[in-house]
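Here is the structure we will look at.
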Amino acid sequence: NLPAYPSAKASGFVGMLMPGETPYSWTSNSYVRPDKKDIIIYELLMRDFTDAKTWQTLKDTLNYIKGLGFNAIQVMPFNEFDSRTTWGYDPVYFLAPDKSYGTRNALKAMIDMAHSLGIAVIQDIAFNHATGASPLAAMWWNSSLNQPAANNPYFYQTAQHPFNVFNDFNHNSEATKAHVARFIRHW
């Protein structure tokens with residue numbers, strides 16, 4: 001039930017704030033994480049895990065995963081990313097769940113169900129880079145060189161190693177350190 005994309009007013013990603021939205025009511029309030037020594041992880045990519053590619057479908061298969069003997073699922077990056085054909089390692093928005101899998105509350109309901117079954121949910125993430133569509137890159141961008149600008153507080157102007165893709169985070173920067181800490185607190 002999302003509003004139509006405002007194509008006459010925007011050409012990139014847009015966001016939507018929903019003030020007054022009813023908060024999700026968590027039901028699995030007594031969840032205890034498995035001990036790190038005993039964790040058995042099932043890694044999955046939402047796009048390929050089921051035909052439906054939704055949080056609801058993953059929620060519906062949690063009993064199956066538990067029956068296989070797993071006590072954790074590691075979901076490949078599910079924060080908003082650029083392409084629908086990648087594994088999610090092309091991050092754009094770090095604090096928003098990718099909308100193609102369902103709503104925030106559908107994600108929370110899946111996590112809630114997992115916790116009720118004693119299953120931990122681990123989010124994979126790429127913290128070494130972000131695409132140019134990320135506001136962290138786009139707000140300080142050198143369009144003539146098609147790279148982060150010299151005053152970008154998050155990224156190096158050019159990658160610091162030959163294997164980099166997209167834009168290379170400067171992890172010596174206080175802004176990047178604060179961004180990573182905020183991400184961890186948020187999720």
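Within each chain, counting starts at residue 1; across the structure tokens, chains are named A, B, ... in the order shown, with ligands numbered 1 upward in that order.
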
Practice task
Would you return as a ChimeraX atom specification the members of chain A that DSSP assigns to strand (DSSP E or B) on this structure's backbone?
Solution key: /A:41-44,72-75,79-81,91-97,120-123,129-130,141-142,147-148,155,167-169

Exercise for the section: Excluding Val75 in chain A and residues on its chain fewer than 6 positions from it, collect all residues at most 7 Å away from it, counting only C-alpha atoms, and give them as a list in words. Expected result: Glu43, Leu44, Leu45, Ile122, Gln123 and Asp124 of chain A

Store the residues picked out above, limited to N, CA and C atoms, as a compact mmCIF listing (two decimals), in the first residue's frame.
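What landed in again31.txt:
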```txt
# COMPACT_ATOMS: atom_id res chain seq x y z
N GLU A 43 22.60 -19.97 6.86
CA GLU A 43 22.71 -18.70 6.12
C GLU A 43 21.77 -18.74 4.93
N LEU A 44 21.10 -17.61 4.68
CA LEU A 44 20.18 -17.58 3.55
C LEU A 44 20.15 -16.20 2.90
N LEU A 45 19.82 -16.20 1.63
CA LEU A 45 19.60 -14.99 0.85
C LEU A 45 18.10 -14.91 0.61
N ILE A 122 20.63 -13.13 12.62
CA ILE A 122 21.87 -12.39 12.42
C ILE A 122 21.78 -11.71 11.06
N GLN A 123 22.05 -10.41 11.03
CA GLN A 123 22.06 -9.69 9.76
C GLN A 123 23.49 -9.57 9.25
N ASP A 124 23.70 -10.03 8.04
CA ASP A 124 24.99 -9.81 7.38
C ASP A 124 25.00 -8.36 6.89
```

Completion exercise
If you count only C-alpha atoms, the residue of A:Tyr101, A:Trp87, A:Phe81, A:Tyr93 closest to Thr57 in chain A turns out to be A:Tyr101

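Compared by their closest atoms to Pro135 in chain A, and using only C-alpha atoms, the residues A:Phe94, A:Tyr156, A:Phe78, A:Phe49 rank with A:Phe94 nearest.
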
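Among the candidates A:Phe166, A:Tyr5, A:Trp26, A:Trp140, the residue lying nearest to Val92 in chain A is A:Phe166 (atoms considered: only C-alpha atoms).
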
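Considering the residues A:Arg47, A:Ala114, A:Pro91, A:His129 and counting only C-alpha atoms, His161 in chain A has its shortest atom-to-atom contact with A:His129.
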
Practice task
Skip Ile41 in chain A itself and residues of its chain fewer than 6 positions away, then list as JSON, numbers by chain all residues within 6 Å of it, counting only C-alpha atoms.
Solution key: {"A": [70, 72, 73]}

Exercise for the section: Write out as a PyMOL selection string the residues lying within 7 Å of range 153-155 of chain A, counting only C-alpha atoms and excluding same-chain residues fewer than 6 positions away. Expected result: chain A and resi 136+167-170+173+175-176

Selected residues written out, N, CA, C and O atoms, as a short mmCIF file (atom, residue, chain, number, x, y, z; two decimals), in the first residue's frame:
```cif
data_model
loop_
_atom_site.label_atom_id
_atom_site.label_comp_id
_atom_site.auth_asym_id
_atom_site.auth_seq_id
_atom_site.Cartn_x
_atom_site.Cartn_y
_atom_site.Cartn_z
N LEU A 136 25.21 9.03 2.15
CA LEU A 136 26.53 9.26 2.73
C LEU A 136 27.56 9.57 1.64
O LEU A 136 28.55 10.26 1.90
N ASN A 167 32.22 2.69 -3.21
CA ASN A 167 32.96 3.75 -2.54
C ASN A 167 33.48 3.24 -1.21
O ASN A 167 32.74 2.68 -0.42
N ASP A 168 34.75 3.45 -0.97
CA ASP A 168 35.49 2.87 0.14
C ASP A 168 35.32 3.71 1.41
O ASP A 168 35.76 4.86 1.47
N PHE A 169 34.65 3.14 2.44
CA PHE A 169 34.50 3.83 3.72
C PHE A 169 35.87 4.10 4.34
O PHE A 169 36.75 3.26 4.32
N ASN A 170 36.01 5.29 4.92
CA ASN A 170 37.20 5.65 5.68
C ASN A 170 36.91 5.32 7.15
O ASN A 170 36.27 6.09 7.85
N SER A 173 37.71 7.74 10.03
CA SER A 173 36.89 8.93 10.19
C SER A 173 35.92 8.77 11.36
O SER A 173 35.28 7.73 11.52
N ALA A 175 33.12 10.24 11.63
CA ALA A 175 31.76 10.13 11.06
C ALA A 175 31.45 8.67 10.73
O ALA A 175 30.35 8.19 11.02
N THR A 176 32.39 7.97 10.14
CA THR A 176 32.18 6.56 9.80
C THR A 176 32.05 5.72 11.08
O THR A 176 31.19 4.85 11.17
#
```

Handout entry: Distance query His115 in chain A at most 12 Å, only C-alpha atoms, self and fewer than 3 positions along chain excluded, as a list in words
Key = Trp26, Thr27, Ser28, Asn29, Ser30, Tyr31, Val32, Arg33, Pro34, Lys59, Leu62, Asn63, Lys66, Asn71, Ala72, Ile73, Lys108, Ala109, Met110, Ile111, Asp112, Gly118, Ile119, Ala120, Val121 and Ile122 of chain A

Practice task
Quote the spacing between CA of Asp51 in chain A and CA of Ser83 in chain A in Å to one decimal place.
Solution key: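 So the answer is 17.7 Å.
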